[in-house]
>>> print(open('run-v3.csv').read())   # CSV, C-alpha atoms
chain,number,residue,atom,x,y,z
R,1,MET,CA,92.0,79.9,83.9
R,2,LEU,CA,93.5,82.9,85.7
R,3,ILE,CA,97.2,83.6,86.0
R,4,GLU,CA,98.3,85.9,88.7
R,5,VAL,CA,101.4,87.9,88.1
R,6,HIS,CA,102.8,90.3,90.7
R,7,PHE,CA,104.2,93.6,89.4
R,8,ASP,CA,107.7,92.9,90.9
R,9,MET,CA,107.9,90.0,88.4
R,10,ILE,CA,107.5,92.4,85.4
R,11,SER,CA,109.1,95.5,86.8
R,12,SER,CA,111.8,95.5,84.1
R,13,ILE,CA,109.3,95.8,81.2
R,14,SER,CA,106.5,98.2,80.5
R,15,LEU,CA,102.8,97.2,80.7
R,16,THR,CA,102.5,97.7,77.0
R,17,SER,CA,105.3,95.2,76.1
R,18,TYR,CA,103.9,92.7,78.6
R,19,PHE,CA,100.4,93.1,77.1
R,20,THR,CA,101.8,92.6,73.5
R,21,SER,CA,104.2,89.9,74.3
R,22,LYS,CA,104.1,86.9,72.0
R,23,VAL,CA,101.4,84.5,73.0
R,24,THR,CA,99.9,81.7,70.9
R,25,LEU,CA,96.2,82.3,70.6
R,26,SER,CA,93.4,80.8,68.6
R,27,LYS,CA,91.3,83.2,66.6
R,28,SER,CA,88.5,83.0,69.2
R,29,THR,CA,90.7,84.0,72.1
R,30,TYR,CA,91.4,87.4,73.5
R,31,LEU,CA,93.8,88.2,76.4
R,32,LEU,CA,92.5,90.9,78.7
R,33,LEU,CA,95.1,92.5,81.0
R,34,ARG,CA,93.4,93.5,84.2
R,35,CYS,CA,95.3,95.6,86.6
R,36,ILE,CA,93.6,95.6,90.0
R,37,ASN,CA,94.5,97.6,93.0
R,38,THR,CA,93.6,95.3,95.9
R,39,SER,CA,93.8,98.1,98.5
R,40,THR,CA,91.8,101.2,99.1
R,41,CYS,CA,95.0,103.2,99.5
R,42,MET,CA,97.5,104.2,96.9
R,43,ASN,CA,100.4,103.5,99.2
R,44,THR,CA,100.3,99.7,98.7
R,45,ASN,CA,102.5,97.0,97.4
R,46,THR,CA,99.6,94.6,96.8
R,47,ASN,CA,98.8,95.5,93.2
R,48,ASN,CA,98.4,92.5,91.0
R,49,CYS,CA,98.2,91.9,87.3
R,50,ILE,CA,95.8,89.2,86.2
R,51,VAL,CA,95.7,87.9,82.7
R,52,GLN,CA,92.3,86.5,82.1
R,53,LYS,CA,91.4,84.3,79.1
R,54,LEU,CA,88.2,85.3,77.5
R,55,ASN,CA,86.4,84.0,74.4
R,56,TYR,CA,85.5,86.5,71.7
R,57,GLU,CA,84.8,86.3,68.0
R,58,ASP,CA,87.6,88.8,67.4
R,59,ARG,CA,90.8,89.2,69.4
R,60,ASN,CA,90.5,93.0,68.9
R,61,VAL,CA,87.1,93.2,70.6
R,62,LYS,CA,85.9,96.8,70.7
R,63,ALA,CA,85.8,98.5,74.0
R,64,HIS,CA,82.2,99.5,73.5
R,65,ASP,CA,81.4,95.8,74.0
R,66,PHE,CA,82.5,96.5,77.6
R,67,THR,CA,79.8,95.7,80.1
R,68,CYS,CA,79.8,96.3,83.8
R,69,THR,CA,77.6,94.2,86.0
R,70,ASP,CA,76.1,95.3,89.3
R,71,GLU,CA,78.3,92.8,91.0
R,72,GLU,CA,81.5,94.4,89.6
R,73,VAL,CA,80.2,97.8,90.6
R,74,ASN,CA,79.5,96.6,94.1
R,75,GLU,CA,82.9,95.0,94.4
R,76,THR,CA,84.6,98.2,93.2
R,77,ASN,CA,82.5,100.3,95.6
R,78,GLN,CA,83.6,98.0,98.5
R,79,ARG,CA,87.2,98.2,97.4
R,80,TYR,CA,87.1,102.0,97.2
R,81,LYS,CA,84.9,102.6,100.2
R,82,ASN,CA,85.6,106.0,101.9
R,83,ILE,CA,87.4,107.1,98.7
R,84,VAL,CA,84.9,107.0,95.7
R,85,GLN,CA,81.7,105.4,94.9
R,86,ILE,CA,80.0,104.5,91.6
R,87,LYS,CA,76.4,105.6,91.6
R,88,LYS,CA,73.6,106.2,89.1
R,89,SER,CA,73.2,109.7,87.7
R,90,PRO,CA,71.0,111.3,85.1
R,91,PHE,CA,73.6,110.4,82.5
R,92,GLY,CA,74.0,106.8,83.6
R,93,ARG,CA,76.7,105.8,86.1
R,94,ALA,CA,79.0,108.3,87.6
R,95,ILE,CA,81.8,108.5,90.2
R,96,PHE,CA,81.2,110.4,93.4
R,97,ALA,CA,83.6,111.4,96.2
R,98,ASP,CA,83.2,109.3,99.3
R,99,CYS,CA,85.3,111.6,101.4
R,100,ASP,CA,86.8,115.1,101.2
R,101,PHE,CA,89.8,115.6,98.9
R,102,SER,CA,92.3,118.4,99.1
R,103,LYS,CA,93.6,120.2,96.0
R,104,GLY,CA,96.5,118.2,94.4
R,105,GLU,CA,95.5,114.9,96.1
R,106,THR,CA,95.5,111.8,94.0
R,107,ILE,CA,92.0,110.4,94.1
R,108,PHE,CA,92.5,107.1,92.3
R,109,VAL,CA,94.8,105.6,89.6
R,110,GLY,CA,93.5,104.3,86.3
R,111,LYS,CA,95.0,101.2,84.7
R,112,ALA,CA,94.7,99.9,81.2
R,113,LEU,CA,92.5,96.9,80.6
R,114,LYS,CA,93.0,97.0,76.9
R,115,LEU,CA,95.2,98.9,74.4
R,116,SER,CA,94.2,99.7,70.8
R,117,ALA,CA,95.4,101.8,67.9
R,118,GLU,CA,91.8,102.8,67.4
R,119,ARG,CA,89.6,104.9,69.7
R,120,ASP,CA,86.1,104.0,70.7
R,121,SER,CA,83.3,105.3,72.9
R,122,HIS,CA,84.9,104.0,76.1
R,123,SER,CA,88.6,104.5,75.5
R,124,VAL,CA,91.0,107.4,76.5
R,125,GLN,CA,93.9,108.5,74.3
R,126,ILE,CA,97.3,108.0,75.8
R,127,ASP,CA,99.5,108.7,72.8
R,128,TRP,CA,99.1,109.7,69.1
R,129,ASN,CA,98.3,106.2,68.0
R,130,MET,CA,97.3,104.5,71.3
R,131,HIS,CA,94.0,104.4,73.2
R,132,ALA,CA,93.3,102.6,76.5
R,133,THR,CA,90.2,101.1,78.0
R,134,MET,CA,90.6,101.8,81.7
R,135,ASN,CA,89.5,99.7,84.7
R,136,LEU,CA,86.9,100.5,87.3
R,137,PRO,CA,86.2,103.0,88.6
R,138,ALA,CA,88.2,105.1,86.1
R,139,ILE,CA,86.1,104.0,83.1
R,140,MET,CA,83.0,105.5,84.7
R,141,ILE,CA,84.2,109.1,85.2
R,142,ASN,CA,82.2,111.7,83.2
R,143,HIS,CA,83.1,114.9,81.4
R,144,CYS,CA,82.8,118.5,82.4
R,145,CYS,CA,84.1,121.6,80.6
R,146,SER,CA,85.1,123.0,84.0
R,147,ALA,CA,86.5,119.8,85.7
R,148,ASN,CA,87.2,119.2,89.3
R,149,VAL,CA,89.6,116.4,88.5
R,150,GLY,CA,92.8,116.5,86.3
R,151,VAL,CA,94.8,113.8,84.7
R,152,LYS,CA,98.5,112.8,84.8
R,153,GLY,CA,100.0,110.0,82.7
R,154,ASN,CA,101.1,107.0,84.7
R,155,ALA,CA,103.1,103.7,84.4
R,156,PHE,CA,99.9,101.7,83.8
R,157,ASN,CA,99.2,103.1,80.3
R,158,ALA,CA,96.4,105.2,81.7
R,159,TYR,CA,96.0,108.3,84.0
R,160,ASP,CA,96.1,109.2,87.6
R,161,PHE,CA,93.1,111.4,88.6
R,162,ILE,CA,94.0,114.4,90.7
R,163,ALA,CA,91.8,116.9,92.6
R,164,LEU,CA,92.1,120.3,90.8
R,165,ARG,CA,90.5,122.0,93.8
R,166,ASN,CA,89.2,121.0,97.2
R,167,VAL,CA,86.4,118.4,96.5
R,168,GLU,CA,83.7,117.7,99.1
R,169,TYR,CA,82.1,114.4,100.1
R,170,GLY,CA,79.3,113.6,97.7
R,171,GLU,CA,80.5,115.7,94.7
R,172,GLU,CA,80.5,114.0,91.3
R,173,LEU,CA,84.1,113.7,90.1
R,174,LEU,CA,84.4,115.1,86.6
R,175,TRP,CA,87.3,115.5,84.2
R,176,ASP,CA,87.8,117.2,80.8
R,177,TYR,CA,87.9,114.8,77.9
R,178,GLU,CA,89.7,117.4,75.8
R,179,ALA,CA,92.7,117.1,78.2
R,180,SER,CA,93.5,113.7,76.7
R,181,GLU,CA,91.7,113.4,73.3
R,182,TYR,CA,93.4,115.0,70.3
R,183,GLU,CA,90.3,114.8,68.2
R,184,ILE,CA,86.7,114.2,69.1
R,185,ASP,CA,83.9,113.7,66.6
R,186,ASN,CA,80.2,114.4,67.2
R,187,PHE,CA,80.2,115.0,71.0
R,188,SER,CA,77.6,117.5,72.1
R,189,CYS,CA,78.2,118.6,75.7
R,190,SER,CA,75.5,119.4,78.1
R,191,CYS,CA,77.5,119.8,81.3
R,192,GLY,CA,75.8,123.1,81.9
R,193,VAL,CA,78.7,125.2,83.3
R,194,PRO,CA,79.0,128.8,82.1
R,195,ASN,CA,82.0,128.1,80.0
R,196,CYS,CA,80.6,124.9,78.4
R,197,ARG,CA,82.1,124.4,74.9
R,198,LYS,CA,78.9,122.8,73.6
R,199,GLU,CA,80.7,120.8,71.0
R,200,LEU,CA,83.8,118.9,72.0
R,201,ARG,CA,86.3,118.6,69.2
R,202,GLY,CA,89.4,117.7,71.1
R,203,PHE,CA,92.7,119.3,72.1
R,204,LYS,CA,93.4,120.0,68.4
R,205,GLU,CA,90.6,122.5,68.4
R,206,HIS,CA,90.3,123.7,72.0
R,207,GLY,CA,93.9,123.1,73.3
R,208,ASP,CA,94.5,126.8,74.2
R,209,GLN,CA,91.3,126.9,76.3
R,210,VAL,CA,92.1,123.6,78.0
R,211,VAL,CA,95.6,124.6,78.9
R,212,GLY,CA,94.3,127.9,80.1
R,213,LEU,CA,91.9,126.1,82.5
R,214,TYR,CA,94.2,123.5,83.9
R,215,GLY,CA,97.8,124.3,83.0
R,216,GLU,CA,100.1,121.9,81.2
R,217,GLU,CA,100.5,119.8,84.4
R,218,PHE,CA,97.1,118.2,83.8
R,219,ILE,CA,97.2,117.7,80.1
R,220,ALA,CA,98.0,114.2,78.6
R,221,PRO,CA,101.8,114.2,78.2
R,222,TYR,CA,101.7,113.2,74.5
R,223,LEU,CA,99.7,116.3,73.6
R,224,LEU,CA,102.6,118.5,74.7
R,225,LYS,CA,105.0,116.8,72.3
R,226,ARG,CA,105.3,117.4,68.6
R,227,LYS,CA,102.9,115.1,66.7
R,228,THR,CA,104.6,112.2,64.9
R,229,PHE,CA,103.0,110.7,61.8
R,230,ASP,CA,104.2,107.1,62.3
R,231,ALA,CA,102.1,104.2,61.2
R,232,PRO,CA,99.5,103.1,63.7
R,233,VAL,CA,100.9,100.7,66.3
R,234,LYS,CA,99.9,97.1,65.6
R,235,LEU,CA,98.9,95.2,68.7
R,236,ASN,CA,98.4,91.8,67.2
>>> encode(input="run-v3.csv", output="structure tokens")
Amino acid sequence: MLIEVHFDMISSISLTSYFTSKVTLSKSTYLLLRCINTSTCMNTNTNNCIVQKLNYEDRNVKAHDFTCTDEEVNETNQRYKNIVQIKKSPFGRAIFADCDFSKGETIFVGKALKLSAERDSHSVQIDWNMHATMNLPAIMINHCCSANVGVKGNAFNAYDFIALRNVEYGEELLWDYEASEYEIDNFSCSCGVPNCRKELRGFKEHGDQVVGLYGEEFIAPYLLKRKTFDAPVKLN
């Protein structure tokens, strides 16, 4: 069963508190919060939240279990026609500009499908103890050590993706993972740009380089604050 909830119904509470609100669930049930932009334009009031009931062995299903069907890709491409398109690349799927973008323009807005205190291969870090699995197309964007897309934190527990320079139609959209991840383990980069860092270790190791490239404006907001050593957030 799908329950549709319009954002104006939950405007007084954050997406996180909505996601973690008390719900009676069996052990085999997982609630997936899907935030879908039903328009191809950011200036829209037709955003909906859908809570979809899915069956899993574990409520805290790992994001690397995320699968994306061709049908979902086609639906996303139709929704974002003349904005971005998901296509195959030598590294799997990737996002390409479907029009020209000017420097500073918001290309698309990512929204959290799932929040977790633990990172995984598909999540992005949004706070010291919080990681988000983003929706399509955001989850498909790849890394580059000299990115053409920057990130800004948003109200959907994810990131807005902003053009760092003028981007031409057909260019792959790339952002820098170290602009959001505090620590990264065992990630060998092969982006091929002259300033490639080869081994990504996160903002903790390369923060000065990343800020030098993009400025503080396009760094995950939590990274610019003093780290707190609170216990991990419990989502269940």
>>> atom_distance(input="run-v3.csv", atom1="CA of Glu168 in chain R", atom2="CA of Ile95 in chain R")
12.9 Å
>>> closest_residue(input="run-v3.csv", among="R:Ile219, R:Ala138, R:Val84, R:Val109", to="Ala155 in chain R", atoms="only C-alpha atoms")
R:Val109
>>> atom_distance(input="run-v3.csv", atom1="CA of Asn135 in chain R", atom2="CA of Cys99 in chain R")
20.9 Å
>>> atom_distance(input="run-v3.csv", atom1="CA of His131 in chain R", atom2="CA of Lys103 in chain R")
27.7 Å
>>> closest_residue(input="run-v3.csv", among="R:Val210, R:Pro137, R:Gln125, R:Arg201", to="Ser180 in chain R", atoms="all atoms listed in the file")
R:Gln125
>>> closest_residue(input="run-v3.csv", among="R:Ala179, R:Ala112, R:Val193, R:Leu200", to="Tyr214 in chain R", atoms="all atoms listed in the file")
R:Ala179
>>> residues_around(input="run-v3.csv", residues="Glu199 in chain R", least_positions_apart="3", cutoff="7 Å", atoms="only C-alpha atoms", output="list of chain:residue names")
R:Phe187, R:Ser188, R:Cys189
>>> closest_residue(input="run-v3.csv", among="R:Thr69, R:Ser190, R:Ser102, R:Gln209", to="Asn148 in chain R", atoms="all atoms listed in the file")
R:Ser102
>>> closest_residue(input="run-v3.csv", among="R:Asp208, R:Asp98, R:Asp160, R:Asp70", to="Gln85 in chain R", atoms="only C-alpha atoms")
R:Asp98
>>> closest_residue(input="run-v3.csv", among="R:Asn186, R:Cys145, R:Gly110, R:Tyr169", to="Leu213 in chain R", atoms="only C-alpha atoms")
R:Cys145
>>> residues_near_point(input="run-v3.csv", point="(95.3, 111.0, 93.3)", cutoff="7 Å", atoms="all atoms listed in the file", output="compact mmCIF listing (two decimals) with C-alpha atoms, in the coordinates of the input")
# COMPACT_ATOMS: atom_id res chain seq x y z
CA GLU R 105 95.50 114.90 96.10
CA THR R 106 95.50 111.80 94.00
CA ILE R 107 92.00 110.40 94.10
CA PHE R 108 92.50 107.10 92.30
CA VAL R 109 94.80 105.60 89.60
CA ASP R 160 96.10 109.20 87.60
CA PHE R 161 93.10 111.40 88.60
CA ILE R 162 94.00 114.40 90.70
CA ALA R 163 91.80 116.90 92.60
>>> residues_around(input="run-v3.csv", residues="Glu217 in chain R", least_positions_apart="6", cutoff="9 Å", atoms="all atoms listed in the file", output="list in words")
Gly150, Val151, Lys152 and Val211 of chain R
>>> residues_around(input="run-v3.csv", residues="Glu171 in chain R", least_positions_apart="3", cutoff="7 Å", atoms="all atoms listed in the file", output="list of chain:residue names")
R:Phe96, R:Ala97, R:Val167, R:Glu168
